[in-house]
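Structure file coords.cif; described as mmCIF, C-alpha atoms.
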data_target
#
loop_
_atom_site.label_atom_id
_atom_site.label_comp_id
_atom_site.auth_asym_id
_atom_site.auth_seq_id
_atom_site.Cartn_x
_atom_site.Cartn_y
_atom_site.Cartn_z
CA MET A 1 10.02 29.41 9.75
CA VAL A 2 10.97 26.27 11.69
CA ASN A 3 7.96 24.50 13.21
CA PRO A 4 8.86 21.75 15.74
CA ARG A 5 5.17 21.02 16.36
CA ALA A 6 4.85 20.05 12.70
CA TRP A 7 7.95 17.86 13.05
CA LEU A 8 6.29 16.02 15.94
CA ALA A 9 3.12 15.63 13.87
CA GLU A 10 5.19 13.99 11.15
CA ALA A 11 6.74 11.60 13.66
CA ILE A 12 3.34 10.61 15.07
CA ALA A 13 1.74 10.22 11.64
CA THR A 14 4.65 8.15 10.35
CA PHE A 15 4.51 6.01 13.49
CA GLY A 16 0.84 5.39 12.65
CA LEU A 17 1.66 4.25 9.14
CA VAL A 18 4.67 2.11 10.10
CA PHE A 19 2.84 0.52 13.03
CA PHE A 20 -0.53 -0.31 11.47
CA GLY A 21 0.72 -0.96 7.92
CA PRO A 22 3.31 -3.60 8.88
CA LEU A 23 0.95 -4.93 11.55
CA SER A 24 -1.42 -5.77 8.71
CA VAL A 25 1.46 -7.72 7.10
CA ILE A 26 2.11 -9.60 10.35
CA LEU A 27 -1.56 -10.46 10.83
CA ALA A 28 -2.02 -11.42 7.18
CA ALA A 29 0.84 -13.92 7.50
CA ALA A 30 -0.63 -15.28 10.74
CA TRP A 31 -4.15 -15.65 9.33
CA TYR A 32 -3.59 -16.50 5.67
CA GLY A 33 -0.13 -18.08 5.69
CA ASP A 34 3.21 -16.93 4.32
CA GLY A 35 2.08 -16.82 0.69
CA LEU A 36 0.51 -13.73 -0.86
CA SER A 37 -3.08 -14.85 -1.18
CA THR A 38 -5.73 -12.52 -2.55
CA GLU A 39 -7.11 -12.07 0.95
CA ALA A 40 -3.68 -11.19 2.35
CA ILE A 41 -2.95 -8.62 -0.36
CA ILE A 42 -6.33 -6.92 0.14
CA PHE A 43 -5.84 -6.91 3.91
CA ILE A 44 -2.35 -5.39 3.62
CA SER A 45 -3.58 -2.80 1.12
CA LEU A 46 -6.42 -1.78 3.42
CA GLY A 47 -4.04 -1.55 6.37
CA HIS A 48 -1.69 0.85 4.60
CA GLY A 49 -4.34 2.84 2.74
CA GLY A 50 -6.51 3.23 5.84
CA ALA A 51 -3.58 4.31 8.01
CA ILE A 52 -2.51 6.95 5.49
CA ALA A 53 -6.03 8.32 4.97
CA LEU A 54 -6.65 8.71 8.69
CA MET A 55 -3.24 10.23 9.42
CA VAL A 56 -3.71 12.72 6.57
CA TYR A 57 -7.05 13.83 7.98
CA ALA A 58 -5.64 13.98 11.52
CA PHE A 59 -2.43 15.91 10.80
CA GLY A 60 -2.87 17.45 7.35
CA HIS A 61 -3.78 20.83 8.86
CA VAL A 62 -0.76 20.74 11.17
CA SER A 63 2.14 19.62 8.99
CA GLY A 64 0.63 18.73 5.65
CA ALA A 65 0.98 15.06 6.67
CA HIS A 66 3.79 14.17 4.30
CA ILE A 67 4.59 10.97 6.28
CA ASN A 68 7.23 10.21 3.66
CA PRO A 69 10.65 11.60 2.68
CA ALA A 70 9.72 11.00 -0.98
CA VAL A 71 6.90 13.51 -0.48
CA THR A 72 8.85 16.02 1.61
CA ILE A 73 11.77 16.23 -0.86
CA PRO A 74 9.53 17.32 -3.79
CA MET A 75 7.83 19.78 -1.43
CA MET A 76 11.25 21.27 -0.63
CA ILE A 77 12.30 21.43 -4.28
CA THR A 78 9.05 23.14 -5.31
CA LYS A 79 9.33 25.52 -2.32
CA LYS A 80 6.14 24.38 -0.64
CA ILE A 81 8.17 23.91 2.54
CA GLY A 82 11.43 25.45 3.76
CA ILE A 83 14.72 23.58 3.73
CA GLN A 84 15.09 23.55 7.53
CA ASP A 85 11.54 22.34 8.08
CA GLY A 86 11.99 19.78 5.31
CA ILE A 87 15.09 18.33 6.94
CA GLY A 88 13.25 18.27 10.27
CA TYR A 89 10.29 16.49 8.66
CA ILE A 90 12.50 13.78 7.16
CA LEU A 91 14.42 13.25 10.39
CA PHE A 92 11.26 12.94 12.46
CA GLN A 93 9.59 10.71 9.86
CA ILE A 94 12.50 8.30 10.19
CA ILE A 95 12.43 8.54 14.00
CA GLY A 96 8.69 7.83 14.07
CA ALA A 97 9.13 4.88 11.71
CA VAL A 98 11.98 3.35 13.72
CA ILE A 99 10.06 3.67 16.99
CA ALA A 100 7.02 2.05 15.35
CA THR A 101 9.00 -0.96 14.11
CA ALA A 102 10.78 -1.28 17.45
CA THR A 103 7.37 -1.33 19.14
CA LEU A 104 6.18 -4.07 16.81
CA ALA A 105 9.35 -6.05 17.53
CA VAL A 106 8.67 -5.86 21.26
CA ILE A 107 4.97 -6.78 21.00
CA PHE A 108 5.32 -9.42 18.26
CA PRO A 109 8.83 -10.87 18.63
CA GLU A 110 7.98 -14.24 17.08
CA ILE A 111 5.26 -13.83 14.46
CA GLY A 112 6.67 -10.43 13.54
CA LYS A 113 10.13 -11.81 12.90
CA GLN A 114 8.72 -14.30 10.40
CA VAL A 115 7.95 -11.38 8.05
CA LEU A 116 10.76 -9.16 9.38
CA TRP A 117 8.16 -6.78 10.77
CA GLY A 118 6.76 -5.90 7.37
CA ALA A 119 10.08 -5.36 5.60
CA HIS A 120 10.45 -4.85 1.86
CA GLY A 121 12.68 -7.57 0.48
CA GLY A 122 13.35 -6.43 -3.05
CA PRO A 123 12.01 -7.49 -6.46
CA SER A 124 9.81 -10.57 -6.61
CA GLU A 125 9.97 -13.56 -8.94
CA ILE A 126 7.11 -12.05 -10.95
CA ILE A 127 9.60 -9.48 -12.30
CA ASN A 128 12.39 -12.07 -12.39
CA GLY A 129 14.17 -10.49 -9.44
CA SER A 130 15.15 -7.52 -11.62
CA LEU A 131 16.60 -4.66 -9.59
CA VAL A 132 16.12 -2.26 -12.49
CA SER A 133 12.46 -3.19 -12.83
CA ALA A 134 11.98 -2.75 -9.09
CA VAL A 135 13.49 0.76 -9.14
CA VAL A 136 11.39 1.76 -12.15
CA LEU A 137 8.22 0.38 -10.58
CA GLU A 138 8.87 2.16 -7.28
CA ALA A 139 9.49 5.38 -9.20
CA ILE A 140 6.23 5.00 -11.14
CA PHE A 141 4.25 4.10 -8.03
CA THR A 142 5.61 7.11 -6.14
CA PHE A 143 5.13 9.39 -9.13
CA PHE A 144 1.39 8.73 -9.07
CA LEU A 145 1.21 8.94 -5.29
CA VAL A 146 2.83 12.38 -5.37
CA VAL A 147 0.64 13.44 -8.31
CA VAL A 148 -2.45 12.70 -6.22
CA ILE A 149 -0.99 14.53 -3.21
CA PHE A 150 -0.09 17.66 -5.17
CA MET A 151 -3.36 17.73 -7.09
CA THR A 152 -5.59 17.22 -4.03
CA ALA A 153 -3.75 18.48 -0.93
CA VAL A 154 -1.58 21.20 -2.54
CA HIS A 155 -3.61 22.50 -5.49
CA LYS A 156 -5.59 25.56 -4.38
CA LYS A 157 -8.73 24.64 -6.31
CA ALA A 158 -8.94 21.01 -5.15
CA PRO A 159 -11.81 20.08 -2.79
CA LYS A 160 -10.03 19.67 0.54
CA SER A 161 -12.77 17.52 2.07
CA VAL A 162 -11.74 14.48 0.03
CA TYR A 163 -7.97 14.72 -0.15
CA GLY A 164 -7.36 12.25 2.67
CA ALA A 165 -9.62 9.68 1.02
CA ALA A 166 -7.98 10.28 -2.37
CA ILE A 167 -4.46 9.85 -1.00
CA GLY A 168 -5.43 6.84 1.10
CA GLY A 169 -7.22 5.34 -1.89
CA MET A 170 -4.13 5.75 -4.05
CA VAL A 171 -2.00 4.06 -1.39
CA PHE A 172 -4.54 1.21 -1.32
CA LEU A 173 -4.36 0.82 -5.11
CA LEU A 174 -0.56 0.95 -5.18
CA HIS A 175 -0.32 -1.76 -2.53
CA LEU A 176 -2.94 -3.88 -4.26
CA ILE A 177 -0.78 -4.13 -7.38
CA GLY A 178 2.64 -3.36 -5.92
CA VAL A 179 2.91 -5.78 -2.99
CA PRO A 180 3.41 -8.82 -5.26
CA LEU A 181 6.04 -6.94 -7.31
CA THR A 182 8.30 -4.92 -4.99
CA GLY A 183 6.47 -4.95 -1.69
CA ALA A 184 5.09 -1.48 -2.53
CA SER A 185 7.16 0.92 -0.50
CA MET A 186 6.89 4.39 -2.11
CA ASN A 187 8.36 5.55 1.19
CA PRO A 188 12.04 5.33 2.25
CA ALA A 189 11.21 5.70 5.97
CA ARG A 190 8.71 2.83 5.77
CA SER A 191 11.38 0.54 4.24
CA PHE A 192 14.31 1.73 6.35
CA SER A 193 12.95 1.00 9.81
CA PRO A 194 12.32 -2.79 9.42
CA ALA A 195 15.75 -3.17 7.82
CA LEU A 196 17.33 -1.36 10.75
CA ILE A 197 15.44 -3.17 13.51
CA SER A 198 15.75 -6.64 11.97
CA GLY A 199 19.42 -6.24 11.07
CA ASP A 200 18.88 -8.57 8.13
CA ALA A 201 21.78 -8.28 5.66
CA GLY A 202 19.57 -9.15 2.70
CA LEU A 203 17.32 -6.18 3.37
CA TRP A 204 20.29 -3.81 3.36
CA GLU A 205 21.40 -5.12 -0.03
CA VAL A 206 18.14 -3.96 -1.63
CA GLN A 207 17.49 -0.95 0.60
CA TRP A 208 18.71 1.47 -2.05
CA ILE A 209 15.79 0.50 -4.29
CA TYR A 210 13.36 2.00 -1.81
CA TRP A 211 15.25 5.27 -1.65
CA VAL A 212 16.30 5.84 -5.25
CA GLY A 213 13.02 4.81 -6.91
CA PRO A 214 10.59 6.71 -4.65
CA ILE A 215 12.71 9.87 -4.47
CA ILE A 216 13.15 10.07 -8.25
CA GLY A 217 9.46 9.37 -8.88
CA GLY A 218 8.40 11.82 -6.21
CA ILE A 219 10.58 14.63 -7.55
CA ILE A 220 9.33 14.16 -11.11
CA GLY A 221 5.70 14.02 -9.99
CA GLY A 222 5.96 17.00 -7.68
CA ALA A 223 7.86 19.16 -10.16
CA LEU A 224 5.51 18.44 -13.07
CA MET A 225 2.33 19.04 -11.07
CA THR A 226 3.73 22.24 -9.57
CA TYR A 227 4.92 23.88 -12.75
CA ILE A 228 2.04 22.72 -14.96
CA TYR A 229 -0.95 22.98 -12.60
CA VAL A 230 -0.31 24.15 -9.02
CA ASN A 231 1.57 27.38 -9.77
CA LYS A 232 -1.02 28.39 -12.37
CA ALA A 233 -3.83 28.05 -9.84
CA GLU A 234 -1.88 30.12 -7.28
CA LYS A 235 -1.29 32.90 -9.81
CA GLU A 236 -5.00 33.00 -10.67
CA ASP A 237 -5.83 33.56 -7.00
#
Could you spell out this file's structure in structure tokens?
Amino acid sequence: MVNPRAWLAEAIATFGLVFFGPLSVILAAAWYGDGLSTEAIIFISLGHGGAIALMVYAFGHVSGAHINPAVTIPMMITKKIGIQDGIGYILFQIIGAVIATATLAVIFPEIGKQVLWGAHGGPSEIINGSLVSAVVLEAIFTFFLVVVIFMTAVHKKAPKSVYGAAIGGMVFLLHLIGVPLTGASMNPARSFSPALISGDAGLWEVQWIYWVGPIIGGIIGGALMTYIYVNKAEKED
């Protein structure tokens, strides 16, 4: 059954992530400089993890708070959400993300442009600029993000009172270690909107990394958790 109210919830929740997460990147650059200092990485990780945790608690009971095409696609494949609703979710996630980045561009035209409004610029020098390594890392990061989502928010026996904190905590951890490597996307909508708004050609050259890696990792994580753990719990009920 198509649920436009859930679609709107996804747009609002994704706006929250793509506004406050990249805003933490903008402020970190303004306060700590362009380099990735320890303080900047922690600040950025808290910005993204906190935004996700709060949006999950706010909209989890309305739409499931996917906030991410790489979460919605595994949900569609494992039949936790219908195809029509899934397509609506992804469309509205992207719309919410684009509006969020456009808002940042209007409010912070100068300091925001310096970091391309929180864009993900591809593999870092730490991994020798390797595109393959970046895709694999994004797949692994998203795999574990989706594992936490399925085992806390989807699994019938999981304590629902803590799932927002668990998911937000995982996002915090993934940013803490992933920002210096790939920028830590795990979310195609989050990476797409700064590339679109900035119009930077370099971002488009590496954009595929933040679609292919997260979607593959998300599908593997969602499928494994569903067929090994989630379905078993549903049958026992």
Given the file shown, determine the residues that the PyMOL selection byres ((chain A and resi 113) around 12) selects; report them as a compact mmCIF listing (two decimals) with C-alpha atoms, keeping the file's coordinate frame.
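Listing of part_16.txt after writing:
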# COMPACT_ATOMS: atom_id res chain seq x y z
CA PRO A 22 3.31 -3.60 8.88
CA LEU A 23 0.95 -4.93 11.55
CA VAL A 25 1.46 -7.72 7.10
CA ILE A 26 2.11 -9.60 10.35
CA LEU A 27 -1.56 -10.46 10.83
CA ALA A 29 0.84 -13.92 7.50
CA ALA A 30 -0.63 -15.28 10.74
CA THR A 101 9.00 -0.96 14.11
CA ALA A 102 10.78 -1.28 17.45
CA LEU A 104 6.18 -4.07 16.81
CA ALA A 105 9.35 -6.05 17.53
CA VAL A 106 8.67 -5.86 21.26
CA ILE A 107 4.97 -6.78 21.00
CA PHE A 108 5.32 -9.42 18.26
CA PRO A 109 8.83 -10.87 18.63
CA GLU A 110 7.98 -14.24 17.08
CA ILE A 111 5.26 -13.83 14.46
CA GLY A 112 6.67 -10.43 13.54
CA GLN A 114 8.72 -14.30 10.40
CA VAL A 115 7.95 -11.38 8.05
CA LEU A 116 10.76 -9.16 9.38
CA TRP A 117 8.16 -6.78 10.77
CA GLY A 118 6.76 -5.90 7.37
CA ALA A 119 10.08 -5.36 5.60
CA PRO A 194 12.32 -2.79 9.42
CA ALA A 195 15.75 -3.17 7.82
CA ILE A 197 15.44 -3.17 13.51
CA SER A 198 15.75 -6.64 11.97
CA GLY A 199 19.42 -6.24 11.07
CA ASP A 200 18.88 -8.57 8.13
Atom CA of Pro214 of chain A to atom CA of Val71 of chain A, distance in Å rounded to a single decimal:
8.8 Å
Contacts of Ala233 of chain A at 10 Å or less, counting all atoms listed in the file, minus same-chain residues fewer than 3 places along, as a list in words?
His155, Lys156, Lys157, Ala158, Thr226, Ile228, Tyr229, Val230, Glu236 and Asp237 of chain A
For the PyMOL selection byres ((chain A and resi 18) around 8), applied here, can you spell out every residue it catches as a PDB file with C-alpha atoms, keeping the file's coordinate frame?
ATOM      1  CA  THR A  14       4.650   8.150  10.350  1.00  0.00           C
ATOM      2  CA  PHE A  15       4.510   6.010  13.490  1.00  0.00           C
ATOM      3  CA  GLY A  16       0.840   5.390  12.650  1.00  0.00           C
ATOM      4  CA  LEU A  17       1.660   4.250   9.140  1.00  0.00           C
ATOM      5  CA  PHE A  19       2.840   0.520  13.030  1.00  0.00           C
ATOM      6  CA  PHE A  20      -0.530  -0.310  11.470  1.00  0.00           C
ATOM      7  CA  GLY A  21       0.720  -0.960   7.920  1.00  0.00           C
ATOM      8  CA  PRO A  22       3.310  -3.600   8.880  1.00  0.00           C
ATOM      9  CA  ALA A  97       9.130   4.880  11.710  1.00  0.00           C
ATOM     10  CA  ALA A 100       7.020   2.050  15.350  1.00  0.00           C
ATOM     11  CA  THR A 101       9.000  -0.960  14.110  1.00  0.00           C
ATOM     12  CA  ARG A 190       8.710   2.830   5.770  1.00  0.00           C
TER      13      ARG A 190
END
Counting all atoms listed in the file, the option among A:Ala65, A:Ile44, A:Leu174, A:Leu224 closest to Leu137 of chain A
A:Leu174
Might you spell out which residues the PyMOL selection byres ((chain A and resi 79-83) around 12) would select in the displayed file, as an MDAnalysis selection string?
chainID A and resid 1:3 6 63:64 66 71:78 84:90 150 153:155 222:223 226:227 230:231 234
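When atom CA of Gly217 of chain A is paired with atom CA of Ser37 of chain A, their separation reads 28.3 Å.
The gap separating atom CA of Ile41 of chain A from atom CA of Ile220 of chain A is 28.0 Å, in Å to one decimal.
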For each of A:Val135, A:Ala184, A:Ala166, A:Val148, take the minimum atom-to-atom distance to Gly50 of chain A, counting all atoms listed in the file, then give the residue where this is smallest.
A:Ala166
Can you find the residues with an atom no farther than 12 Å from (13.5, -7.0, -8.7), counting only C-alpha atoms, and report them as a PyMOL selection string?
chain A and resi 120-138+178+180-184+205-210+213
Could you add the missing atoms to segment 33-55 of chain A, up to N, CA, C and O atoms, and return them as a CSV table (one decimal), keeping the file's coordinate frame?
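Result file selection-v4.csv:
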chain,number,residue,atom,x,y,z
A,33,GLY,N,-1.3,-17.4,6.1
A,33,GLY,CA,-0.1,-18.1,5.7
A,33,GLY,C,0.9,-17.2,5.1
A,33,GLY,O,0.7,-16.0,4.8
A,34,ASP,N,2.1,-17.7,4.8
A,34,ASP,CA,3.2,-16.9,4.3
A,34,ASP,C,3.0,-16.5,2.9
A,34,ASP,O,3.6,-15.5,2.5
A,35,GLY,N,2.3,-17.2,2.1
A,35,GLY,CA,2.1,-16.8,0.7
A,35,GLY,C,1.2,-15.6,0.5
A,35,GLY,O,0.4,-15.2,1.4
A,36,LEU,N,1.3,-14.9,-0.6
A,36,LEU,CA,0.5,-13.7,-0.9
A,36,LEU,C,-0.8,-14.1,-1.5
A,36,LEU,O,-1.0,-14.1,-2.7
A,37,SER,N,-1.7,-14.5,-0.7
A,37,SER,CA,-3.1,-14.8,-1.2
A,37,SER,C,-3.8,-13.5,-1.5
A,37,SER,O,-3.4,-12.5,-1.1
A,38,THR,N,-4.9,-13.7,-2.2
A,38,THR,CA,-5.7,-12.5,-2.6
A,38,THR,C,-6.2,-11.8,-1.3
A,38,THR,O,-6.2,-10.6,-1.2
A,39,GLU,N,-6.6,-12.6,-0.3
A,39,GLU,CA,-7.1,-12.1,1.0
A,39,GLU,C,-6.0,-11.3,1.7
A,39,GLU,O,-6.2,-10.2,2.2
A,40,ALA,N,-4.8,-11.8,1.7
A,40,ALA,CA,-3.7,-11.2,2.4
A,40,ALA,C,-3.3,-9.9,1.7
A,40,ALA,O,-3.1,-8.9,2.4
A,41,ILE,N,-3.3,-9.8,0.4
A,41,ILE,CA,-3.0,-8.6,-0.4
A,41,ILE,C,-4.0,-7.5,-0.1
A,41,ILE,O,-3.7,-6.4,0.1
A,42,ILE,N,-5.3,-7.9,-0.1
A,42,ILE,CA,-6.3,-6.9,0.1
A,42,ILE,C,-6.2,-6.4,1.6
A,42,ILE,O,-6.4,-5.2,1.8
A,43,PHE,N,-6.0,-7.3,2.5
A,43,PHE,CA,-5.8,-6.9,3.9
A,43,PHE,C,-4.7,-5.9,4.1
A,43,PHE,O,-4.8,-4.9,4.8
A,44,ILE,N,-3.5,-6.3,3.5
A,44,ILE,CA,-2.4,-5.4,3.6
A,44,ILE,C,-2.6,-4.0,3.0
A,44,ILE,O,-2.2,-3.0,3.5
A,45,SER,N,-3.3,-4.1,1.8
A,45,SER,CA,-3.6,-2.8,1.1
A,45,SER,C,-4.5,-1.9,1.9
A,45,SER,O,-4.3,-0.7,2.0
A,46,LEU,N,-5.5,-2.5,2.6
A,46,LEU,CA,-6.4,-1.8,3.4
A,46,LEU,C,-5.7,-1.2,4.6
A,46,LEU,O,-6.0,-0.1,5.1
A,47,GLY,N,-4.8,-2.0,5.2
A,47,GLY,CA,-4.0,-1.6,6.4
A,47,GLY,C,-3.2,-0.3,6.1
A,47,GLY,O,-3.2,0.7,6.9
A,48,HIS,N,-2.5,-0.3,5.0
A,48,HIS,CA,-1.7,0.8,4.6
A,48,HIS,C,-2.5,2.0,4.1
A,48,HIS,O,-2.3,3.2,4.5
A,49,GLY,N,-3.5,1.8,3.2
A,49,GLY,CA,-4.3,2.8,2.7
A,49,GLY,C,-5.2,3.5,3.8
A,49,GLY,O,-5.3,4.7,3.9
A,50,GLY,N,-5.7,2.7,4.7
A,50,GLY,CA,-6.5,3.2,5.8
A,50,GLY,C,-5.7,4.1,6.8
A,50,GLY,O,-6.1,5.1,7.2
A,51,ALA,N,-4.5,3.6,7.1
A,51,ALA,CA,-3.6,4.3,8.0
A,51,ALA,C,-3.2,5.7,7.4
A,51,ALA,O,-3.3,6.7,8.1
A,52,ILE,N,-2.9,5.7,6.1
A,52,ILE,CA,-2.5,7.0,5.5
A,52,ILE,C,-3.7,7.9,5.5
A,52,ILE,O,-3.5,9.1,5.8
A,53,ALA,N,-4.9,7.4,5.1
A,53,ALA,CA,-6.0,8.3,5.0
A,53,ALA,C,-6.3,9.0,6.3
A,53,ALA,O,-6.5,10.2,6.4
A,54,LEU,N,-6.3,8.2,7.4
A,54,LEU,CA,-6.6,8.7,8.7
A,54,LEU,C,-5.6,9.7,9.2
A,54,LEU,O,-5.9,10.7,9.8
A,55,MET,N,-4.3,9.3,9.0
A,55,MET,CA,-3.2,10.2,9.4
A,55,MET,C,-3.3,11.5,8.7
A,55,MET,O,-3.0,12.6,9.2
